[in-house]
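Colleague: My file is start11.pdb. It has PDB, C-alpha atoms:
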ATOM      1  CA  MET B  25       0.000   0.000   0.000
ATOM      2  CA  PRO B  26       1.602   3.355  -0.988
ATOM      3  CA  GLY B  27       2.865   5.527   1.853
ATOM      4  CA  ARG B  28       2.477   2.780   4.448
ATOM      5  CA  THR B  29       5.313   1.984   6.830
ATOM      6  CA  VAL B  30       6.283  -1.625   6.325
ATOM      7  CA  VAL B  31       8.460  -3.341   8.878
ATOM      8  CA  CYS B  32       9.681  -6.880   8.347
ATOM      9  CA  VAL B  33      10.207  -8.635  11.660
ATOM     10  CA  LYS B  34      12.188 -11.819  12.196
ATOM     11  CA  ALA B  35      11.648 -14.141  15.120
ATOM     12  CA  ASN B  36      12.833 -12.580  18.333
ATOM     13  CA  ARG B  37      15.688 -14.684  19.672
ATOM     14  CA  ASP B  38      17.884 -13.653  22.559
ATOM     15  CA  PRO B  39      21.349 -12.805  21.149
ATOM     16  CA  GLN B  40      22.916 -14.026  24.396
ATOM     17  CA  THR B  41      21.720 -17.540  23.709
ATOM     18  CA  THR B  42      22.372 -17.500  19.974
ATOM     19  CA  GLY B  43      25.925 -16.168  20.267
ATOM     20  CA  GLN B  44      25.131 -12.988  18.370
ATOM     21  CA  GLY B  45      26.502  -9.747  19.698
ATOM     22  CA  VAL B  46      25.564  -6.147  19.067
ATOM     23  CA  GLU B  47      27.267  -3.950  16.496
ATOM     24  CA  TRP B  48      26.851  -0.173  16.464
ATOM     25  CA  ALA B  49      27.766   2.955  14.552
ATOM     26  CA  VAL B  50      26.990   6.651  14.730
ATOM     27  CA  VAL B  51      25.665   8.259  11.549
ATOM     28  CA  GLU B  52      24.875  11.859  10.750
ATOM     29  CA  SER B  53      21.298  12.821   9.915
ATOM     30  CA  ASP B  54      19.196  15.928   9.413
ATOM     31  CA  ILE B  55      18.255  15.738  13.099
ATOM     32  CA  GLY B  56      21.803  15.242  14.376
ATOM     33  CA  PRO B  57      23.922  12.169  15.025
ATOM     34  CA  LEU B  58      22.062   8.883  15.470
ATOM     35  CA  LEU B  59      23.493   5.798  17.113
ATOM     36  CA  LEU B  60      22.289   2.665  15.327
ATOM     37  CA  ALA B  61      22.747  -0.781  16.870
ATOM     38  CA  ALA B  62      21.944  -4.165  15.365
ATOM     39  CA  THR B  63      22.056  -7.817  16.284
ATOM     40  CA  GLY B  64      21.935 -10.761  13.907
ATOM     41  CA  GLN B  65      18.128 -10.499  14.131
ATOM     42  CA  GLY B  66      17.956  -6.894  12.949
ATOM     43  CA  LEU B  67      18.068  -3.274  14.021
ATOM     44  CA  VAL B  68      17.683  -3.175  17.810
ATOM     45  CA  ASN B  69      18.263   0.461  18.788
ATOM     46  CA  VAL B  70      18.220   3.991  17.373
ATOM     47  CA  VAL B  71      19.410   6.730  19.718
ATOM     48  CA  PHE B  72      18.992  10.478  19.133
ATOM     49  CA  HIS B  73      21.635  13.152  19.754
ATOM     50  CA  ALA B  74      24.473  10.611  19.878
ATOM     51  CA  ASP B  75      27.273  12.864  21.067
ATOM     52  CA  ASP B  76      30.123  11.278  23.046
ATOM     53  CA  ALA B  77      28.258  11.184  26.380
ATOM     54  CA  VAL B  78      25.031   9.802  24.900
ATOM     55  CA  ARG B  79      26.965   7.269  22.838
ATOM     56  CA  LYS B  80      28.902   6.030  25.872
ATOM     57  CA  ALA B  81      25.748   5.668  27.997
ATOM     58  CA  SER B  82      23.896   3.903  25.163
ATOM     59  CA  VAL B  83      26.709   1.421  24.548
ATOM     60  CA  GLU B  84      26.883   0.699  28.290
ATOM     61  CA  ARG B  85      23.103   0.039  28.407
ATOM     62  CA  LEU B  86      23.370  -2.307  25.426
ATOM     63  CA  ALA B  87      26.307  -4.129  27.066
ATOM     64  CA  ALA B  88      24.316  -4.596  30.277
ATOM     65  CA  ARG B  89      21.240  -5.827  28.398
ATOM     66  CA  PHE B  90      23.033  -8.190  26.024
ATOM     67  CA  GLY B  91      25.767  -9.376  28.395
ATOM     68  CA  GLY B  92      28.739  -8.312  26.282
ATOM     69  CA  ALA B  93      30.378  -5.219  24.941
ATOM     70  CA  PRO B  94      28.826  -4.009  21.683
ATOM     71  CA  VAL B  95      31.315  -3.653  18.842
ATOM     72  CA  LYS B  96      31.774  -0.372  16.989
ATOM     73  CA  ALA B  97      31.335  -1.415  13.365
ATOM     74  CA  PRO B  98      30.554   1.484  10.993
ATOM     75  CA  ALA B  99      31.043  -0.780   7.956
ATOM     76  CA  SER B 100      28.975  -3.642   9.380
ATOM     77  CA  PRO B 101      26.759  -5.549   6.946
ATOM     78  CA  ARG B 102      24.147  -5.589   9.740
ATOM     79  CA  LEU B 103      24.030  -1.787   9.706
ATOM     80  CA  ALA B 104      24.429  -1.149   5.970
ATOM     81  CA  GLU B 105      20.735  -1.391   5.101
ATOM     82  CA  PRO B 106      19.461   0.606   8.101
ATOM     83  CA  ILE B 107      22.014   3.329   7.277
ATOM     84  CA  ARG B 108      20.964   3.330   3.608
ATOM     85  CA  GLN B 109      17.240   3.447   4.379
ATOM     86  CA  LEU B 110      17.590   6.215   6.987
ATOM     87  CA  ALA B 111      19.625   8.322   4.517
ATOM     88  CA  ALA B 112      16.902   7.804   1.895
ATOM     89  CA  TYR B 113      14.209   8.722   4.437
ATOM     90  CA  PHE B 114      15.931  11.991   5.351
ATOM     91  CA  ALA B 115      16.459  12.758   1.642
ATOM     92  CA  GLY B 116      12.684  12.441   1.131
ATOM     93  CA  GLU B 117      13.129   9.344  -1.060
ATOM     94  CA  LEU B 118      11.779   6.667   1.319
ATOM     95  CA  ARG B 119       8.348   6.521   2.896
ATOM     96  CA  ALA B 120       8.297   2.939   4.145
ATOM     97  CA  PHE B 121      11.100   1.216   6.050
ATOM     98  CA  THR B 122      11.558  -2.454   5.185
ATOM     99  CA  LEU B 123      14.026  -3.491   7.847
ATOM    100  CA  ASP B 124      14.340  -6.553  10.025
ATOM    101  CA  LEU B 125      13.861  -5.429  13.617
ATOM    102  CA  ASP B 126      14.991  -7.059  16.836
ATOM    103  CA  TRP B 127      12.333  -6.257  19.465
ATOM    104  CA  THR B 128      14.451  -7.551  22.381
ATOM    105  CA  LEU B 129      14.574  -4.175  24.165
ATOM    106  CA  ILE B 130      10.787  -3.841  24.497
ATOM    107  CA  SER B 131       8.056  -6.215  25.642
ATOM    108  CA  GLY B 132       4.437  -6.559  26.698
ATOM    109  CA  PHE B 133       1.987  -3.719  26.117
ATOM    110  CA  ASN B 134       4.756  -1.387  24.923
ATOM    111  CA  ARG B 135       5.800  -3.832  22.198
ATOM    112  CA  GLU B 136       2.179  -4.352  21.136
ATOM    113  CA  VAL B 137       1.621  -0.597  20.820
ATOM    114  CA  LEU B 138       4.878  -0.041  18.915
ATOM    115  CA  ARG B 139       4.127  -2.865  16.477
ATOM    116  CA  GLU B 140       0.710  -1.348  15.780
ATOM    117  CA  LEU B 141       2.314   2.037  15.284
ATOM    118  CA  ALA B 142       4.912   0.618  12.875
ATOM    119  CA  SER B 143       2.364  -1.224  10.764
ATOM    120  CA  GLY B 144      -0.670   1.021  11.028
ATOM    121  CA  VAL B 145       0.358   4.692  10.942
ATOM    122  CA  PRO B 146       1.762   5.527   7.505
ATOM    123  CA  TYR B 147       4.192   8.231   6.478
ATOM    124  CA  GLY B 148       2.629  11.685   6.459
ATOM    125  CA  THR B 149      -0.147  10.853   8.934
ATOM    126  CA  VAL B 150      -0.561  11.134  12.694
ATOM    127  CA  VAL B 151      -2.558   9.300  15.341
ATOM    128  CA  GLY B 152      -3.700  10.361  18.811
ATOM    129  CA  TYR B 153      -2.464   8.608  21.944
ATOM    130  CA  GLY B 154      -6.028   7.522  22.780
ATOM    131  CA  ASP B 155      -6.699   6.334  19.232
ATOM    132  CA  LEU B 156      -3.577   4.184  19.312
ATOM    133  CA  ALA B 157      -4.636   2.769  22.686
ATOM    134  CA  ALA B 158      -8.017   1.839  21.206
ATOM    135  CA  ARG B 159      -6.321   0.116  18.254
ATOM    136  CA  VAL B 160      -4.637  -2.309  20.643
ATOM    137  CA  GLY B 161      -7.840  -2.950  22.581
ATOM    138  CA  GLN B 162      -7.080  -0.655  25.552
ATOM    139  CA  PRO B 163      -9.219   2.452  24.910
ATOM    140  CA  GLY B 164      -8.500   4.033  28.303
ATOM    141  CA  ALA B 165      -4.734   3.644  28.101
ATOM    142  CA  ALA B 166      -3.648   6.902  26.423
ATOM    143  CA  GLN B 167      -1.098   7.622  29.158
ATOM    144  CA  ALA B 168       0.316   4.111  28.864
ATOM    145  CA  VAL B 169       0.689   4.698  25.113
ATOM    146  CA  GLY B 170       2.661   7.843  25.958
ATOM    147  CA  ALA B 171       4.936   5.756  28.166
ATOM    148  CA  ALA B 172       5.370   3.229  25.331
ATOM    149  CA  MET B 173       6.404   6.056  23.002
ATOM    150  CA  GLY B 174       8.979   7.204  25.557
ATOM    151  CA  ALA B 175      10.343   3.659  25.791
ATOM    152  CA  ASN B 176      10.592   3.167  22.011
ATOM    153  CA  PRO B 177      14.070   1.722  21.307
ATOM    154  CA  LEU B 178      13.645   2.282  17.538
ATOM    155  CA  PRO B 179      12.494   5.876  16.983
ATOM    156  CA  VAL B 180      12.145   7.161  13.415
ATOM    157  CA  VAL B 181      11.922   3.570  12.088
ATOM    158  CA  VAL B 182       9.069   2.857  14.510
ATOM    159  CA  PRO B 183       7.582   6.342  14.092
ATOM    160  CA  CYS B 184       6.648   7.555  17.576
ATOM    161  CA  HIS B 185       6.946  11.105  16.213
ATOM    162  CA  ARG B 186       3.593  10.453  14.476
ATOM    163  CA  VAL B 187       1.718  10.179  17.800
ATOM    164  CA  VAL B 188       0.106  13.479  18.854
ATOM    165  CA  GLU B 189      -2.437  14.808  21.330
ATOM    166  CA  SER B 190      -6.123  14.552  20.440
ATOM    167  CA  ASP B 191      -6.588  18.312  20.903
ATOM    168  CA  GLY B 192      -4.090  19.039  18.140
ATOM    169  CA  GLY B 193      -1.047  19.506  20.373
ATOM    170  CA  ILE B 194       2.224  17.991  19.275
ATOM    171  CA  GLY B 195       2.663  15.956  22.490
ATOM    172  CA  GLY B 196       5.976  14.934  23.996
ATOM    173  CA  PHE B 197       8.979  13.293  22.399
ATOM    174  CA  GLY B 198      12.089  11.583  23.749
ATOM    175  CA  GLY B 199      14.249  13.202  21.073
ATOM    176  CA  GLY B 200      12.980  16.675  21.959
ATOM    177  CA  LEU B 201      10.086  18.670  20.547
ATOM    178  CA  GLU B 202      12.229  20.373  17.890
ATOM    179  CA  THR B 203      13.281  16.957  16.567
ATOM    180  CA  LYS B 204       9.621  15.870  16.502
ATOM    181  CA  ARG B 205       8.700  19.034  14.592
ATOM    182  CA  GLN B 206      11.498  18.396  12.088
ATOM    183  CA  LEU B 207      10.357  14.821  11.461
ATOM    184  CA  LEU B 208       6.713  15.849  11.057
ATOM    185  CA  ALA B 209       7.763  18.666   8.696
ATOM    186  CA  LEU B 210       9.844  16.218   6.645
ATOM    187  CA  GLU B 211       6.730  14.055   6.250
ATOM    188  CA  GLY B 212       4.566  17.057   5.309
ATOM    189  CA  VAL B 213       2.431  17.000   8.465
ATOM    190  CA  LEU B 214       3.746  20.385   9.637
ATOM    191  CA  PRO B 215       5.037  23.241   7.502
ATOM    192  CA  GLN B 216       8.803  23.503   7.024
ATOM    193  CA  PRO B 217      10.339  26.197   9.241
ATOM    194  CA  LEU B 218      10.950  29.512   7.505
ATOM    195  CA  PHE B 219      14.502  29.716   8.857
TER     196      PHE B 219
END
What's the C-alpha cells form of this structure?

Modeller:
Amino acid sequence: MPGRTVVCVKANRDPQTTGQGVEWAVVESDIGPLLLAATGQGLVNVVFHADDAVRKASVERLAARFGGAPVKAPASPRLAEPIRQLAAYFAGELRAFTLDLDWTLISGFNREVLRELASGVPYGTVVGYGDLAARVGQPGAAQAVGAAMGANPLPVVVPCHRVVESDGGIGGFGGGLETKRQLLALEGVLPQPLF
C-alpha cells in the first residue's frame, strides 16, 4: 500500500543464547547524530543526539542488556541497510522502512503498541495517543501509550513522532520537541520552518 510503513520482523531470539553480539555505529542525519545498533536479528536500537556522552551511555546500556560489549562497526553488513534506508528517508526518497527489527529491548503492552504504530500509521499521517490505545484494545490507556512512546528503542523507524495529542497539540517526544517538529515537517504534516 503506498505511503504505508512496512516493517519486516524476524523471530525474536535472545542474542545471548544465539551467540550474536551487538554492532553499532553513529551516523549523521538531518536531526543530528544517530546511534544505530543491530544484532543478527535486525536493528535493535536507534538513539537520538548521539554525542560522546550519549553514545557512551547507550553502549553501556546495550552491554548490560546483552551481556557483552557491543562492537563499533561502521562498515557492518548488519548496519548497511538501516544506514541506507535512513539516509533515503531523510532525503525524502523513502516513505516505508523495510528493515528486520529485533524487538528484544521492548516487551508486553509497549511492544504491542509499537508494532501497531509501525504497521498502522503511515508516512505523512498522525494518530492520537487515545486512538492508538483503542487500536490495541485498551481504549483508556492513552497515558500508557505515551509511556510506550517514551520507551521506544527504535524511533524514526518505529515512528513515535507520528503520535500526537487529540486536541491538536504535538505531544511529547524523547528526542525533543524540535526533533519531533522536524520529522513531522519532513513528512509534510507540519510546515517547514521559515529559517

Colleague: Do you know which residues the PyMOL selection byres ((chain B and resi 115) around 12) returns on this file, as an MDAnalysis selection string?

Modeller: chainID B and resid 53:55 108:114 116:119 207 210:211

Colleague: Write the residues of the selection above to a file with C-alpha atoms, as a short mmCIF file (atom, residue, chain, number, x, y, z; two decimals), in the frame of the given file.

Modeller:
data_model
loop_
_atom_site.label_atom_id
_atom_site.label_comp_id
_atom_site.auth_asym_id
_atom_site.auth_seq_id
_atom_site.Cartn_x
_atom_site.Cartn_y
_atom_site.Cartn_z
CA SER B 53 21.30 12.82 9.91
CA ASP B 54 19.20 15.93 9.41
CA ILE B 55 18.26 15.74 13.10
CA ARG B 108 20.96 3.33 3.61
CA GLN B 109 17.24 3.45 4.38
CA LEU B 110 17.59 6.22 6.99
CA ALA B 111 19.62 8.32 4.52
CA ALA B 112 16.90 7.80 1.90
CA TYR B 113 14.21 8.72 4.44
CA PHE B 114 15.93 11.99 5.35
CA GLY B 116 12.68 12.44 1.13
CA GLU B 117 13.13 9.34 -1.06
CA LEU B 118 11.78 6.67 1.32
CA ARG B 119 8.35 6.52 2.90
CA LEU B 207 10.36 14.82 11.46
CA LEU B 210 9.84 16.22 6.64
CA GLU B 211 6.73 14.06 6.25
#

Colleague: For the structure shown, which residues end up in the PyMOL selection byres ((chain B and resi 165) around 12)? Put them as an NGL selection string, please?

Modeller: :B and (133-134 or 137 or 152-164 or 166-172)

Colleague: Just say which residues the PyMOL selection byres ((chain B and resi 182) around 10) picks in this file, as a VMD selection string.

Modeller: chain B and resid 29 to 31 70 121 125 138 to 143 145 173 176 to 181 183 to 186

Colleague: What would the file look like if the residues just selected were written as an mmCIF file, keeping the file's coordinate frame with C-alpha atoms?

Modeller:
data_model
loop_
_atom_site.group_PDB
_atom_site.id
_atom_site.type_symbol
_atom_site.label_atom_id
_atom_site.label_comp_id
_atom_site.auth_asym_id
_atom_site.auth_seq_id
_atom_site.Cartn_x
_atom_site.Cartn_y
_atom_site.Cartn_z
ATOM 1 C CA THR B 29 5.313 1.984 6.830
ATOM 2 C CA VAL B 30 6.283 -1.625 6.325
ATOM 3 C CA VAL B 31 8.460 -3.341 8.878
ATOM 4 C CA VAL B 70 18.220 3.991 17.373
ATOM 5 C CA PHE B 121 11.100 1.216 6.050
ATOM 6 C CA LEU B 125 13.861 -5.429 13.617
ATOM 7 C CA LEU B 138 4.878 -0.041 18.915
ATOM 8 C CA ARG B 139 4.127 -2.865 16.477
ATOM 9 C CA GLU B 140 0.710 -1.348 15.780
ATOM 10 C CA LEU B 141 2.314 2.037 15.284
ATOM 11 C CA ALA B 142 4.912 0.618 12.875
ATOM 12 C CA SER B 143 2.364 -1.224 10.764
ATOM 13 C CA VAL B 145 0.358 4.692 10.942
ATOM 14 C CA MET B 173 6.404 6.056 23.002
ATOM 15 C CA ASN B 176 10.592 3.167 22.011
ATOM 16 C CA PRO B 177 14.070 1.722 21.307
ATOM 17 C CA LEU B 178 13.645 2.282 17.538
ATOM 18 C CA PRO B 179 12.494 5.876 16.983
ATOM 19 C CA VAL B 180 12.145 7.161 13.415
ATOM 20 C CA VAL B 181 11.922 3.570 12.088
ATOM 21 C CA PRO B 183 7.582 6.342 14.092
ATOM 22 C CA CYS B 184 6.648 7.555 17.576
ATOM 23 C CA HIS B 185 6.946 11.105 16.213
ATOM 24 C CA ARG B 186 3.593 10.453 14.476
#

Colleague: Counting all atoms listed in the file, which of B:Ala99, B:Glu136, B:Leu59, B:Gly199 gets nearest to Ala81 in chain B?

Modeller: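 Distance minimum relative to Ala81 in chain B lands on B:Leu59.
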
Colleague: Compare B:Val46, B:Ser82, B:Gly66, B:Gly174 by their minimum atom-to-atom distance to Gly196 in chain B, counting all atoms listed in the file, and give me the closest one.

Modeller: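 Smallest distance to Gly196 in chain B is found for B:Gly174.
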
Colleague: In terms of the shortest atom-to-atom distance over all atoms listed in the file, which of B:Glu84, B:Glu47, B:Glu202, B:Asp191 is closest to Gln65 in chain B?

Modeller: B:Glu47

Colleague: Save range 188-200 of chain B of the structure in the block above to a file, with all heavy atoms included, as an mmCIF file, in the first residue's frame.

Modeller:
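Wrote decode_13.cif, looks like this:
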data_model
loop_
_atom_site.group_PDB
_atom_site.id
_atom_site.type_symbol
_atom_site.label_atom_id
_atom_site.label_comp_id
_atom_site.auth_asym_id
_atom_site.auth_seq_id
_atom_site.Cartn_x
_atom_site.Cartn_y
_atom_site.Cartn_z
ATOM 1 N N VAL B 188 0.361 12.110 18.398
ATOM 2 C CA VAL B 188 0.106 13.479 18.854
ATOM 3 C C VAL B 188 -1.084 13.492 19.809
ATOM 4 O O VAL B 188 -1.805 12.510 19.945
ATOM 5 C CB VAL B 188 -0.154 14.416 17.656
ATOM 6 C CG1 VAL B 188 1.084 14.495 16.751
ATOM 7 C CG2 VAL B 188 -1.369 13.981 16.862
ATOM 8 N N GLU B 189 -1.309 14.654 20.416
ATOM 9 C CA GLU B 189 -2.437 14.808 21.330
ATOM 10 C C GLU B 189 -3.736 14.958 20.543
ATOM 11 O O GLU B 189 -3.755 15.505 19.444
ATOM 12 C CB GLU B 189 -2.211 16.037 22.212
ATOM 13 C CG GLU B 189 -1.007 15.868 23.122
ATOM 14 C CD GLU B 189 -0.664 17.118 23.888
ATOM 15 O OE1 GLU B 189 -1.184 18.207 23.564
ATOM 16 O OE2 GLU B 189 0.161 17.017 24.822
ATOM 17 N N SER B 190 -4.828 14.508 21.124
ATOM 18 C CA SER B 190 -6.123 14.552 20.440
ATOM 19 C C SER B 190 -6.634 15.977 20.241
ATOM 20 O O SER B 190 -7.411 16.231 19.331
ATOM 21 C CB SER B 190 -7.162 13.733 21.213
ATOM 22 O OG SER B 190 -7.313 14.254 22.518
ATOM 23 N N ASP B 191 -6.140 16.917 21.050
ATOM 24 C CA ASP B 191 -6.588 18.312 20.903
ATOM 25 C C ASP B 191 -5.768 19.091 19.876
ATOM 26 O O ASP B 191 -5.907 20.302 19.737
ATOM 27 C CB ASP B 191 -6.567 19.033 22.244
ATOM 28 C CG ASP B 191 -5.162 19.185 22.822
ATOM 29 O OD1 ASP B 191 -4.167 18.793 22.154
ATOM 30 O OD2 ASP B 191 -5.045 19.695 23.947
ATOM 31 N N GLY B 192 -4.902 18.389 19.160
ATOM 32 C CA GLY B 192 -4.090 19.039 18.140
ATOM 33 C C GLY B 192 -2.693 19.407 18.602
ATOM 34 O O GLY B 192 -1.877 19.863 17.799
ATOM 35 N N GLY B 193 -2.396 19.225 19.874
ATOM 36 C CA GLY B 193 -1.047 19.506 20.373
ATOM 37 C C GLY B 193 -0.059 18.477 19.856
ATOM 38 O O GLY B 193 -0.420 17.351 19.508
ATOM 39 N N ILE B 194 1.192 18.864 19.825
ATOM 40 C CA ILE B 194 2.224 17.991 19.275
ATOM 41 C C ILE B 194 2.558 16.837 20.220
ATOM 42 O O ILE B 194 3.009 15.791 19.795
ATOM 43 C CB ILE B 194 3.481 18.813 18.894
ATOM 44 C CG1 ILE B 194 4.405 18.000 18.009
ATOM 45 C CG2 ILE B 194 4.179 19.335 20.118
ATOM 46 C CD1 ILE B 194 5.521 18.792 17.379
ATOM 47 N N GLY B 195 2.336 17.009 21.528
ATOM 48 C CA GLY B 195 2.663 15.956 22.490
ATOM 49 C C GLY B 195 4.140 15.976 22.831
ATOM 50 O O GLY B 195 4.880 16.849 22.395
ATOM 51 N N GLY B 196 4.576 15.022 23.592
ATOM 52 C CA GLY B 196 5.976 14.934 23.996
ATOM 53 C C GLY B 196 6.790 14.124 23.007
ATOM 54 O O GLY B 196 6.262 13.559 22.055
ATOM 55 N N PHE B 197 8.109 14.066 23.280
ATOM 56 C CA PHE B 197 8.979 13.293 22.399
ATOM 57 C C PHE B 197 10.334 13.117 23.061
ATOM 58 O O PHE B 197 10.955 14.103 23.497
ATOM 59 C CB PHE B 197 9.134 14.004 21.059
ATOM 60 C CG PHE B 197 9.741 13.150 19.985
ATOM 61 C CD1 PHE B 197 9.115 11.986 19.562
ATOM 62 C CD2 PHE B 197 10.931 13.505 19.396
ATOM 63 C CE1 PHE B 197 9.665 11.198 18.564
ATOM 64 C CE2 PHE B 197 11.492 12.732 18.394
ATOM 65 C CZ PHE B 197 10.856 11.575 17.973
ATOM 66 N N GLY B 198 10.807 11.889 23.121
ATOM 67 C CA GLY B 198 12.089 11.583 23.749
ATOM 68 C C GLY B 198 13.268 12.259 23.082
ATOM 69 O O GLY B 198 14.270 12.537 23.724
ATOM 70 N N GLY B 199 13.169 12.539 21.795
ATOM 71 C CA GLY B 199 14.249 13.202 21.073
ATOM 72 C C GLY B 199 14.174 14.711 21.136
ATOM 73 O O GLY B 199 14.986 15.401 20.527
ATOM 74 N N GLY B 200 13.170 15.235 21.862
ATOM 75 C CA GLY B 200 12.980 16.675 21.959
ATOM 76 C C GLY B 200 11.920 17.150 20.980
ATOM 77 O O GLY B 200 11.758 16.594 19.899
#
